[in-house]
Amino acid sequence: MQKFVSKTFRRDLNFLYETTKANFKLQNENSYLGVIWYLLGPLLLFGILLFVFSKRLGVNVEHYPLYLLFGLISWNFFATATNRSMTVFLRNAGLLKALPIRLDLLVASSVIHAFISHVFEIALFMGIALYLGVVPTHILLYIVVLIHAVIFSLGVSFFLSSIYVFLRDIEQVWSVLTRAWWFATPIFYALTSNGPGSKVSLFNPLYYIIHMSRELLIYGRIPGAGLWMGLFAFTFVSVAVGYCCFTRLKVHFIDRI
Amino acid sequence: MNTLPIISLRNVSKKFHVPKRKDKTILSYLAHAFSESDHLHAEQNIDAISHVSFDVYKGEVLGIIGKNASGKTTLLRVIAGIMQPDSGDVDVRGSITSLINLSVGLQPRLTVRDNIHLACALLGMNRKETRQNFDSIIMFGELKQYIHMYPFQLSTGMNQRLSFSIAVHTTPEVLLLDEVFSAGDIYFQQKAAQKMKELIESDVTVVMVSHDLKKIVEMCDRVLWLESGVVRAYGPVKPIIQDYRNYSKMNAEKQKISI
């Protein structure tokens, strides 16, 4: 039994590795700058927002450039992962009809693909932080938050990719929703302690991920227990709902793609 | 012969659901409200396969024949676990490799080398197995000098050779084949047939769909004739193939008269 488990595990691991590698290679095919393009997009937005807001919204925020950059790259990971996963079954329709492959691994593979670009962004962030004289502490605790960010995105991706097979409108809905969500999340502005945003943000999972990471990496403060509980809860709900939805619907996928 | 069948199907049915409207955007609803012509067509269910039952034992080769759209590929997909049947039981004991469409799994924009790694992973090999089989796959497909090229630069026949070569190296217990003997030129077809014979002799259980009746007679132990999703005949190869030939000839003649 153990041998069987390890065999399936190694097979699944290889599946994840090869599909992620293929996605990565296909994305960088015939591209001279390759990985640098992933960084240029967020960096450009970062430059513009910094130019516009550093004397306005960012005046009272300590280390505003880092604050802003971290918000942007965290959001970027979530948006890329969910957008790429949403269409994964349709994009691979031919494959799904010909081979019995693990559909959940296919979703995981596209989230991991986005995660790898995110790792480059984090490395860039760390470099800039060191350059500005901020030494990120509490890295281990940050990794815990990061893992939750990945699992949270995975849950949302399961949900979106399953619904997308039946309802193509979800792509447009999601694009509008994420735009609104972007503004509702303190990415380029900071929350005031008694403003309406501080209440609303308690229902915003991205707020937990971004705020806690900033506290740990930029300000060297450990978030309180309430924030940790919120993070765990949102991650759990996301995976539970997303995976449930996926397992319920997956038997019908093949008839619809 | 082993008493437990490797593949066992009991009363398996699968319907395809065709929804009432072809297009169902809100705009189309509005457009239809103002137009005279009726774009609606009745909601219907098409029986892809209905009440199919059979057993395949270890080392046996089952051929599936029938016209286009008679449910052959759907049947293979149900056996492979790609599709769930609406009713009935499907039981397969052992690892499956399905070769339902030879061209998928190959990415035109990845090199032959990367494609072999990817396809092996998709077919369920781990890294070690992939590495062990890599050279053999290249050798069998005769693709040594093309390893750094892309499938879009290779001919169709070479792509098929590559896919076939990867698939036969997966060492499955159950092999599902859909019309794969047309891969490559006559020389490679013979080579492929030879490899298949070796596999069959090594106790692999095979279910194959083919329009090449000569191949079916040559390789299969039993044959299943599907007609509009229903089993029309199931049993020994020669008499059923003879019936099938007569039936096809008769149909062709009928067509001629009606024209």
# chains A, B, ... in the order shown; residues from 1 in each chain; ligands from 1

$ closest_atom_pairs --of "chain A" --to "chain B" --cutoff "8 Å" --atoms "only C-alpha atoms" --output "JSON lines"
{"residue": "A:Arg10", "atom": "CA", "partner": "B:Asn126", "partner_atom": "CA", "distance": 5.8}
{"residue": "A:Arg11", "atom": "CA", "partner": "B:Asn126", "partner_atom": "CA", "distance": 4.4}
{"residue": "A:Asp12", "atom": "CA", "partner": "B:Gly124", "partner_atom": "CA", "distance": 7.7}
{"residue": "A:Leu13", "atom": "CA", "partner": "B:Asn126", "partner_atom": "CA", "distance": 7.8}
{"residue": "A:Asn14", "atom": "CA", "partner": "B:Asn126", "partner_atom": "CA", "distance": 5.4}
{"residue": "A:Phe15", "atom": "CA", "partner": "B:Ala121", "partner_atom": "CA", "distance": 4.8}
{"residue": "A:Glu18", "atom": "CA", "partner": "B:Leu118", "partner_atom": "CA", "distance": 5.4}
{"residue": "A:Thr19", "atom": "CA", "partner": "B:Leu118", "partner_atom": "CA", "distance": 6.5}
{"residue": "A:Ala22", "atom": "CA", "partner": "B:Leu118", "partner_atom": "CA", "distance": 7.1}
{"residue": "A:Lys25", "atom": "CA", "partner": "B:Leu110", "partner_atom": "CA", "distance": 7.6}
{"residue": "A:Leu26", "atom": "CA", "partner": "B:Arg109", "partner_atom": "CA", "distance": 6.7}
{"residue": "A:Glu29", "atom": "CA", "partner": "B:Arg109", "partner_atom": "CA", "distance": 7.7}
{"residue": "A:Gly94", "atom": "CA", "partner": "B:Val104", "partner_atom": "CA", "distance": 6.4}
{"residue": "A:Leu95", "atom": "CA", "partner": "B:Val104", "partner_atom": "CA", "distance": 5.7}
{"residue": "A:Leu96", "atom": "CA", "partner": "B:Ile82", "partner_atom": "CA", "distance": 7.3}
{"residue": "A:Lys97", "atom": "CA", "partner": "B:Ile82", "partner_atom": "CA", "distance": 6.6}
{"residue": "A:Ala98", "atom": "CA", "partner": "B:Ile100", "partner_atom": "CA", "distance": 5.2}
{"residue": "A:Leu99", "atom": "CA", "partner": "B:Ser98", "partner_atom": "CA", "distance": 6.1}
{"residue": "A:Pro100", "atom": "CA", "partner": "B:Ile82", "partner_atom": "CA", "distance": 5.0}
{"residue": "A:Ile101", "atom": "CA", "partner": "B:Leu122", "partner_atom": "CA", "distance": 6.8}
{"residue": "A:Val251", "atom": "CA", "partner": "B:Gln84", "partner_atom": "CA", "distance": 6.4}
{"residue": "A:Ile254", "atom": "CA", "partner": "B:Met83", "partner_atom": "CA", "distance": 6.6}
{"residue": "A:Asp255", "atom": "CA", "partner": "B:Phe16", "partner_atom": "CA", "distance": 7.3}

$ residues_around --residues "Ile116 in chain A" --least-positions-apart "2" --cutoff "12 Å" --atoms "only C-alpha atoms" --output "list in words"
Tyr17, Thr20, Lys21, Asn23, Phe24, Val35, Tyr38, Leu39, Phe77, Thr80, Ala81, Ser109, Ser110, Val111, Ile112, His113, Ala114, His118, Val119, Phe120, Glu121, Ile122, Ala123 and Val150 of chain A

$ closest_residue --among "A:Phe125, A:Thr8, A:Leu90, A:Asn30" --to "Pro42 in chain A" --atoms "only C-alpha atoms"
A:Phe125

$ select_by_dssp --residues "range 79-175 of chain B" --states "strand (DSSP E or B)" --output "PyMOL selection string"
chain B and resi 87-92+96-99+174-175

$ residues_around --residues "range 221-229 of chain A" --least-positions-apart "3" --cutoff "8 Å" --atoms "only C-alpha atoms" --output "PDB file with N, CA and C atoms, in the first residue's frame"
ATOM      1  N   HIS A 138      11.348  38.265  10.340  1.00  0.00           N
ATOM      2  CA  HIS A 138      10.194  37.349  10.423  1.00  0.00           C
ATOM      3  C   HIS A 138       9.908  36.654   9.102  1.00  0.00           C
ATOM      4  N   TYR A 208      -6.000  40.651   4.605  1.00  0.00           N
ATOM      5  CA  TYR A 208      -5.249  39.879   5.598  1.00  0.00           C
ATOM      6  C   TYR A 208      -3.879  39.497   5.042  1.00  0.00           C
ATOM      7  N   MET A 212      -0.750  41.533   6.618  1.00  0.00           N
ATOM      8  CA  MET A 212       0.106  40.739   7.510  1.00  0.00           C
ATOM      9  C   MET A 212       1.517  40.608   6.943  1.00  0.00           C
ATOM     10  N   GLU A 215       3.345  43.858   7.560  1.00  0.00           N
ATOM     11  CA  GLU A 215       3.724  43.985   8.969  1.00  0.00           C
ATOM     12  C   GLU A 215       4.986  43.183   9.251  1.00  0.00           C
ATOM     13  N   LEU A 216       5.011  41.958   8.717  1.00  0.00           N
ATOM     14  CA  LEU A 216       6.129  41.055   9.006  1.00  0.00           C
ATOM     15  C   LEU A 216       7.406  41.488   8.294  1.00  0.00           C
ATOM     16  N   PHE A 232      -6.515  32.132   8.466  1.00  0.00           N
ATOM     17  CA  PHE A 232      -6.792  30.683   8.419  1.00  0.00           C
ATOM     18  C   PHE A 232      -8.216  30.445   7.945  1.00  0.00           C
ATOM     19  N   ALA A 233      -9.144  31.229   8.501  1.00  0.00           N
ATOM     20  CA  ALA A 233     -10.557  31.016   8.186  1.00  0.00           C
ATOM     21  C   ALA A 233     -10.823  31.237   6.705  1.00  0.00           C
TER      22      ALA A 233
END

$ atom_distance --atom1 "CA of Leu124 in chain A" --atom2 "CA of Leu45 in chain A"
14.6 Å

$ select_by_dssp --residues "range 117-197 of chain B" --states "helix (DSSP H, G or I)" --output "count of residues only"
52

$ residues_around --residues "Pro5 in chain B" --least-positions-apart "2" --cutoff "12 Å" --atoms "only C-alpha atoms" --output "PyMOL selection string"
chain B and resi 1-3+7-9+54-60+90-94+174+205

$ residues_around --residues "range 239-251 of chain B" --least-positions-apart "5" --cutoff "8 Å" --atoms "only C-alpha atoms" --output "list of chain:residue names"
B:Leu213, B:Val217, B:Val223, B:Trp225, B:Ala233, B:Tyr234

$ write_last_selection --atoms "N, CA and C atoms" --output "compact mmCIF listing (two decimals), in the first residue's frame"
# COMPACT_ATOMS: atom_id res chain seq x y z
N LEU B 213 -10.17 -3.64 -41.24
CA LEU B 213 -10.70 -4.93 -40.84
C LEU B 213 -9.65 -6.03 -40.89
N VAL B 217 -8.85 -8.70 -37.86
CA VAL B 217 -8.82 -10.15 -38.01
C VAL B 217 -7.46 -10.69 -37.53
N VAL B 223 -14.54 -9.58 -31.10
CA VAL B 223 -14.89 -8.30 -31.71
C VAL B 223 -16.28 -7.86 -31.27
N TRP B 225 -19.35 -5.21 -32.34
CA TRP B 225 -19.86 -4.38 -33.42
C TRP B 225 -20.90 -3.44 -32.85
N ALA B 233 -23.37 -7.02 -32.47
CA ALA B 233 -22.84 -8.37 -32.39
C ALA B 233 -21.61 -8.36 -31.51
N TYR B 234 -21.39 -9.48 -30.82
CA TYR B 234 -20.25 -9.56 -29.94
C TYR B 234 -19.81 -11.01 -29.89

$ closest_residue --among "A:Ile151, A:Ile210, A:Ala129, A:Leu146" --to "Leu72 in chain A" --atoms "only C-alpha atoms"
A:Ile210

$ residues_around --residues "His169 in chain B" --least-positions-apart "3" --cutoff "8 Å" --atoms "only C-alpha atoms" --output "number ranges by chain"
B: 133, 137, 165-166
